[in-house]
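Trainee: Dropping the structure in here first, questions after.
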Amino acid sequence: MTTRADTLARAATLRATFEAAGAVPVETPILQPAETLLDLYGEDIRARAYVTSDALRGEQMLRPDFTVPVVEMHMAHGAEPARYTYSGEVFRRQEHDPDRANEYIQVGYEVFDRANPAAADAEVFALFAEAVAPLGLRAATGDIGILMAAVRGLQTSEARRAALLRHIWRPRRFRALLDRYAGRVPVPTRRAKLLDGALDCDAPLIGKRSQTEIDARIALLRADAAEPPLSGAEVDLLDALLDVRETTPYALAQLRDIAVDLPAIGPAVDGLAARAETLAARGVNVETLPFEASFGRTSMEYYDGFVFGFFSPQRADLPAVATGGRYDALTRRLGNGAEIPAVGGVLRPGLMLELEA
Amino acid sequence: MSVKLGVPSKGRLMEKTFDWFGQHGITLTRTGSDREYAGAVEGIGGVSLVLLSAGEVPRELAAGRLHFGVTGTDLVQEKLPLWEQQVEPMAELGFGHADLVLAVPKAWVDVDTLDDLDAVATAFRTAHGMRLRIATKYHRLVRDHLRHGGVADYALVDSQGATEGTVANETAEMIADITSSGETLRANHLKVLEDPPILRSQATLWRSRVAEVSDGDRAVAAALITQLTG
């Protein structure tokens, strides 16, 4: 049985490793203002984080992760470039699975560096790969940036591209939007009538949403209806892209093929190639490293580039032992106008000990 | 010891529950004064009646203080996480039908589905600097449903009663509530989204999976189940 003392001791060792790699140790409060997290994740976060409150400070959440407070701290008064490490409890509500821990220790490493994103990605991945090396874990990698580039390159309206980008992390809704834009679902009768201006409504307007807003949406719907459907060829290319699941060299070859017809992903694929080179230079065996284009799409929605995870092949019931990725957009959202490329990850020493036992 | 049966203590739900048990040869009655929540059971021995609010039945079943209880599917699923592990549905009683639905102002002619709601919620946040508010008392069920549907830009506001009025009062932009005929919604100028409801609920007889049962009680519980469901 792993004791809390064992876990804390392992956490301290791991943090020391990260300090040795050049990171400055930082602490963040356990109580986080709820507003920031709600703004970022929406109401969903309430199902994952514990909420408490007092009359003076209002709603607060027990830290569900370190990344957000560390980014806020860096954006407020961090020097560049910066490397941080931390270790401490995070709290997650687990209402659907009583076997998952609702409180556990995380050790993290975050890099804020403009100079060379591919090198920073490789630095973080290699550090984590080394930390979990004795456990014989299965590595998974992906790159949300390639999918985002593909969506940005679609031959369709800006409104449609924006809607798809917003739902990159919600595969079900993404698929529904794609089917609608491709004209694969019939227009409902009521919607057709609305677009024709043949829908009468005599109900009084109540609530805060104004007639102007309703009219604006109808105008958008009409504009969208006039938009030609997304071509079947483009949808097929997106599907081919999402299906890429190979060792890195083969994945790269497949992506280069797709990029011939979908040139918008070219730079992102070049980024993947550059990362593979820097990973190899750091001693990672890229020949066998898996790459999955849709990996990371259902996790927390701030990763927008390289993503990775380490899993136990024997214990598929356990969550990932380590996860991480690039979150440039998050620094923009929390930075009040400033932004900096950032990449990082977290380890769970408790799970590592459990697997070693 | 005896087998404890929990039944709603008030109104039509109580009367209809009494009728349903009566049809199965078990007479439930309230004893004492109108205000006293005591009851009697005839037609089967070893069962004692507990009268309580329908909203408390799920918690009492999960705590093992009731062996059997009558309450709505909606209340069980909202109040008990992993409800299947704590209670087992024994019989649907055929009344108290109600759907948990999402309803928006009828004047929102551009909103019929979750798909529309998602687009409108995002536009609303941009226009008003706040997330679209949904008034409800079914926080867990609504949140799970919207996550499943991929809608994120909203905020739940708690409303324990008169939820249909929150939109006109501008404390919410839309609601999620139980409705049977939809009449109250219509009277408040609201309409239900066209997607399937979040949940279809009706009065149901539940068995607690966690309540302790003595050997004597076991026979009584088995006899009760046979008489009610056989």
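In the structure tokens, chains take letters A, B, ... by order of appearance, with residues numbered from 1 within each chain and ligands from 1 in the order shown.
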Kindly determine which residues of chain A lie within 10 Å of chain B, considering only C-alpha atoms, and give the answer as an mmCIF file with N, CA and C atoms, in the first residue's frame.
Mentor:
data_model
loop_
_atom_site.group_PDB
_atom_site.id
_atom_site.type_symbol
_atom_site.label_atom_id
_atom_site.label_comp_id
_atom_site.auth_asym_id
_atom_site.auth_seq_id
_atom_site.Cartn_x
_atom_site.Cartn_y
_atom_site.Cartn_z
ATOM 1 N N LEU A 38 -14.200 29.262 -14.518
ATOM 2 C CA LEU A 38 -15.500 29.175 -15.192
ATOM 3 C C LEU A 38 -15.437 29.842 -16.556
ATOM 4 N N ASP A 39 -14.728 30.979 -16.631
ATOM 5 C CA ASP A 39 -14.572 31.674 -17.902
ATOM 6 C C ASP A 39 -13.861 30.803 -18.918
ATOM 7 N N LEU A 40 -12.891 30.060 -18.434
ATOM 8 C CA LEU A 40 -12.048 29.250 -19.295
ATOM 9 C C LEU A 40 -12.750 27.972 -19.763
ATOM 10 N N TYR A 41 -13.351 27.273 -18.815
ATOM 11 C CA TYR A 41 -13.895 25.950 -19.130
ATOM 12 C C TYR A 41 -15.413 25.934 -19.270
ATOM 13 N N GLY A 42 -16.082 26.999 -18.801
ATOM 14 C CA GLY A 42 -17.536 26.959 -18.798
ATOM 15 C C GLY A 42 -18.046 26.147 -17.628
ATOM 16 N N GLU A 43 -19.352 25.967 -17.626
ATOM 17 C CA GLU A 43 -20.036 25.346 -16.493
ATOM 18 C C GLU A 43 -19.546 23.910 -16.238
ATOM 19 N N ASP A 44 -18.997 23.265 -17.275
ATOM 20 C CA ASP A 44 -18.482 21.901 -17.143
ATOM 21 C C ASP A 44 -17.534 21.736 -15.968
ATOM 22 N N ILE A 45 -16.755 22.772 -15.695
ATOM 23 C CA ILE A 45 -15.733 22.663 -14.662
ATOM 24 C C ILE A 45 -16.371 22.347 -13.308
ATOM 25 N N ARG A 46 -17.610 22.765 -13.110
ATOM 26 C CA ARG A 46 -18.282 22.481 -11.830
ATOM 27 C C ARG A 46 -18.462 20.984 -11.606
ATOM 28 N N ALA A 47 -18.530 20.220 -12.695
ATOM 29 C CA ALA A 47 -18.670 18.779 -12.550
ATOM 30 C C ALA A 47 -17.333 18.132 -12.226
ATOM 31 N N GLN A 94 -15.218 13.162 -8.644
ATOM 32 C CA GLN A 94 -15.327 11.919 -9.416
ATOM 33 C C GLN A 94 -16.700 11.323 -9.172
ATOM 34 N N GLU A 95 -17.711 11.851 -9.824
ATOM 35 C CA GLU A 95 -19.062 11.393 -9.527
ATOM 36 C C GLU A 95 -19.454 10.163 -10.317
ATOM 37 N N HIS A 96 -18.663 9.835 -11.313
ATOM 38 C CA HIS A 96 -19.052 8.702 -12.151
ATOM 39 C C HIS A 96 -18.179 7.479 -11.913
ATOM 40 N N ASP A 97 -17.103 7.650 -11.193
ATOM 41 C CA ASP A 97 -16.210 6.532 -10.990
ATOM 42 C C ASP A 97 -15.599 6.580 -9.588
ATOM 43 N N PRO A 98 -16.157 5.802 -8.656
ATOM 44 C CA PRO A 98 -15.693 5.862 -7.274
ATOM 45 C C PRO A 98 -14.253 5.379 -7.106
ATOM 46 N N ALA A 163 -16.746 28.206 -35.892
ATOM 47 C CA ALA A 163 -17.580 27.270 -35.134
ATOM 48 C C ALA A 163 -16.870 25.923 -34.986
ATOM 49 N N ARG A 166 -14.044 26.170 -32.478
ATOM 50 C CA ARG A 166 -14.535 26.237 -31.107
ATOM 51 C C ARG A 166 -14.852 24.832 -30.581
ATOM 52 N N HIS A 167 -15.164 23.917 -31.498
ATOM 53 C CA HIS A 167 -15.582 22.589 -31.048
ATOM 54 C C HIS A 167 -14.565 21.494 -31.351
ATOM 55 N N TRP A 169 -12.435 20.372 -29.460
ATOM 56 C CA TRP A 169 -12.307 19.507 -28.282
ATOM 57 C C TRP A 169 -13.594 18.770 -27.945
ATOM 58 N N ARG A 170 -14.637 18.957 -28.762
ATOM 59 C CA ARG A 170 -15.889 18.231 -28.534
ATOM 60 C C ARG A 170 -16.221 17.465 -29.802
ATOM 61 N N PRO A 171 -15.607 16.272 -29.967
ATOM 62 C CA PRO A 171 -15.699 15.536 -31.237
ATOM 63 C C PRO A 171 -17.130 15.330 -31.725
ATOM 64 N N ARG A 172 -18.076 15.112 -30.800
ATOM 65 C CA ARG A 172 -19.441 14.831 -31.223
ATOM 66 C C ARG A 172 -20.068 16.043 -31.932
ATOM 67 N N ARG A 173 -19.878 17.222 -31.316
ATOM 68 C CA ARG A 173 -20.449 18.429 -31.902
ATOM 69 C C ARG A 173 -19.704 18.821 -33.180
ATOM 70 N N PHE A 174 -18.397 18.610 -33.164
ATOM 71 C CA PHE A 174 -17.575 18.873 -34.341
ATOM 72 C C PHE A 174 -18.121 18.076 -35.536
ATOM 73 N N ALA A 176 -21.147 16.799 -35.872
ATOM 74 C CA ALA A 176 -22.490 17.254 -36.236
ATOM 75 C C ALA A 176 -22.398 18.505 -37.126
ATOM 76 N N LEU A 177 -21.489 19.422 -36.756
ATOM 77 C CA LEU A 177 -21.320 20.645 -37.553
ATOM 78 C C LEU A 177 -20.825 20.302 -38.958
ATOM 79 N N PRO A 188 -34.431 21.108 -41.347
ATOM 80 C CA PRO A 188 -35.745 20.875 -40.737
ATOM 81 C C PRO A 188 -36.780 21.876 -41.286
ATOM 82 N N ARG A 190 -39.128 23.625 -39.897
ATOM 83 C CA ARG A 190 -39.252 24.898 -39.170
ATOM 84 C C ARG A 190 -38.138 25.853 -39.565
ATOM 85 N N ARG A 191 -36.928 25.294 -39.713
ATOM 86 C CA ARG A 191 -35.787 26.132 -40.073
ATOM 87 C C ARG A 191 -35.955 26.686 -41.495
ATOM 88 N N LEU A 194 -38.341 29.495 -41.354
ATOM 89 C CA LEU A 194 -37.717 30.676 -40.749
ATOM 90 C C LEU A 194 -36.868 31.417 -41.780
ATOM 91 N N LEU A 195 -36.104 30.643 -42.551
ATOM 92 C CA LEU A 195 -35.214 31.245 -43.543
ATOM 93 C C LEU A 195 -36.013 31.912 -44.665
ATOM 94 N N LEU A 199 -42.179 32.178 -41.005
ATOM 95 C CA LEU A 199 -42.471 31.680 -39.663
ATOM 96 C C LEU A 199 -43.052 32.828 -38.830
ATOM 97 N N ASP A 200 -44.324 32.680 -38.454
ATOM 98 C CA ASP A 200 -44.949 33.730 -37.650
ATOM 99 C C ASP A 200 -44.817 33.399 -36.179
ATOM 100 N N CYS A 201 -44.559 34.409 -35.382
ATOM 101 C CA CYS A 201 -44.498 34.185 -33.942
ATOM 102 C C CYS A 201 -45.141 35.383 -33.272
ATOM 103 N N ASP A 202 -46.190 35.114 -32.495
ATOM 104 C CA ASP A 202 -46.878 36.222 -31.839
ATOM 105 C C ASP A 202 -46.549 36.291 -30.347
ATOM 106 N N ALA A 203 -45.629 35.427 -29.907
ATOM 107 C CA ALA A 203 -45.293 35.429 -28.477
ATOM 108 C C ALA A 203 -44.501 36.691 -28.138
ATOM 109 N N PRO A 204 -44.781 37.267 -26.962
ATOM 110 C CA PRO A 204 -44.008 38.451 -26.554
ATOM 111 C C PRO A 204 -42.567 38.048 -26.257
ATOM 112 N N LEU A 205 -41.644 38.944 -26.515
ATOM 113 C CA LEU A 205 -40.238 38.650 -26.228
ATOM 114 C C LEU A 205 -39.976 38.910 -24.755
ATOM 115 N N ILE A 206 -39.530 37.876 -24.039
ATOM 116 C CA ILE A 206 -39.192 38.053 -22.626
ATOM 117 C C ILE A 206 -37.714 37.751 -22.431
ATOM 118 N N GLY A 207 -37.153 38.287 -21.355
ATOM 119 C CA GLY A 207 -35.764 38.000 -21.028
ATOM 120 C C GLY A 207 -34.803 38.997 -21.646
ATOM 121 N N LYS A 208 -33.522 38.739 -21.405
ATOM 122 C CA LYS A 208 -32.471 39.697 -21.745
ATOM 123 C C LYS A 208 -32.040 39.674 -23.202
ATOM 124 N N ARG A 209 -32.238 38.540 -23.876
ATOM 125 C CA ARG A 209 -31.788 38.445 -25.264
ATOM 126 C C ARG A 209 -32.737 39.283 -26.126
ATOM 127 N N SER A 210 -32.185 40.251 -26.859
ATOM 128 C CA SER A 210 -33.006 41.250 -27.544
ATOM 129 C C SER A 210 -33.408 40.806 -28.944
ATOM 130 N N GLN A 211 -34.400 41.527 -29.508
ATOM 131 C CA GLN A 211 -34.842 41.268 -30.874
ATOM 132 C C GLN A 211 -33.680 41.477 -31.850
ATOM 133 N N GLU A 213 -30.597 40.830 -31.350
ATOM 134 C CA GLU A 213 -29.757 39.630 -31.342
ATOM 135 C C GLU A 213 -30.408 38.504 -32.142
ATOM 136 N N ILE A 214 -31.722 38.373 -31.986
ATOM 137 C CA ILE A 214 -32.438 37.323 -32.729
ATOM 138 C C ILE A 214 -32.331 37.600 -34.230
ATOM 139 N N ASP A 215 -32.561 38.864 -34.625
ATOM 140 C CA ASP A 215 -32.483 39.220 -36.045
ATOM 141 C C ASP A 215 -31.075 38.986 -36.596
ATOM 142 N N ALA A 216 -30.082 39.311 -35.781
ATOM 143 C CA ALA A 216 -28.696 39.122 -36.220
ATOM 144 C C ALA A 216 -28.426 37.639 -36.465
ATOM 145 N N ARG A 217 -28.943 36.787 -35.583
ATOM 146 C CA ARG A 217 -28.723 35.342 -35.764
ATOM 147 C C ARG A 217 -29.443 34.847 -37.018
ATOM 148 N N ILE A 218 -30.659 35.350 -37.247
ATOM 149 C CA ILE A 218 -31.396 34.921 -38.443
ATOM 150 C C ILE A 218 -30.619 35.332 -39.698
ATOM 151 N N LEU A 221 -27.926 32.899 -40.121
ATOM 152 C CA LEU A 221 -28.446 31.613 -40.612
ATOM 153 C C LEU A 221 -28.727 31.698 -42.110
#
Trainee: What residues in segment 3-42 of chain B get the DSSP label alpha helix (DSSP H)? Please answer as a PyMOL selection string.
Mentor: chain B and resi 11-23
Trainee: Separation of atom CA of Val68 of chain A and atom CA of Pro319 of chain A, in Å?
Mentor: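 So the answer is 20.9 Å.
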Trainee: Rank nothing, just name the residue among A:Tyr86, A:Ala118, A:Leu334, A:Leu272 nearest to Met73 of chain A, using only C-alpha atoms.
Mentor: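 Closest to Met73 of chain A, using only C-alpha atoms: A:Leu334.
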Trainee: As a PDB file with C-alpha atoms, in the first residue's frame, please: the residues near Glu78 of chain B (cut-off 10 Å, only C-alpha atoms, same-chain neighbours under 2 positions excluded).
Mentor:
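Okay, this is what ended up in out.pdb:
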ATOM      1  CA  PRO B  58     -33.848   9.053  -2.686  1.00  0.00           C
ATOM      2  CA  THR B  73     -37.080   8.916 -11.614  1.00  0.00           C
ATOM      3  CA  ASP B  74     -35.996  12.547 -11.921  1.00  0.00           C
ATOM      4  CA  LEU B  75     -35.333  12.922  -8.187  1.00  0.00           C
ATOM      5  CA  VAL B  76     -33.433   9.633  -7.942  1.00  0.00           C
ATOM      6  CA  LEU B  80     -27.989  10.003  -6.266  1.00  0.00           C
ATOM      7  CA  PRO B  81     -24.677   9.720  -8.117  1.00  0.00           C
ATOM      8  CA  TRP B  83     -27.943   5.627  -8.611  1.00  0.00           C
ATOM      9  CA  LYS B 137     -32.997  22.710  -9.701  1.00  0.00           C
ATOM     10  CA  TYR B 138     -31.647  19.741 -11.669  1.00  0.00           C
ATOM     11  CA  HIS B 139     -28.014  20.847 -11.818  1.00  0.00           C
ATOM     12  CA  ARG B 140     -26.342  17.487 -12.300  1.00  0.00           C
ATOM     13  CA  LEU B 141     -28.715  16.127 -14.934  1.00  0.00           C
ATOM     14  CA  VAL B 142     -28.677  19.349 -16.945  1.00  0.00           C
TER      15      VAL B 142
END
Trainee: For a test of reading the model, state the distance in Å between atom CA of Ala139 of chain A and atom CA of Val26 of chain A, rounded to one decimal.
Mentor: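 So the answer is 27.5 Å.
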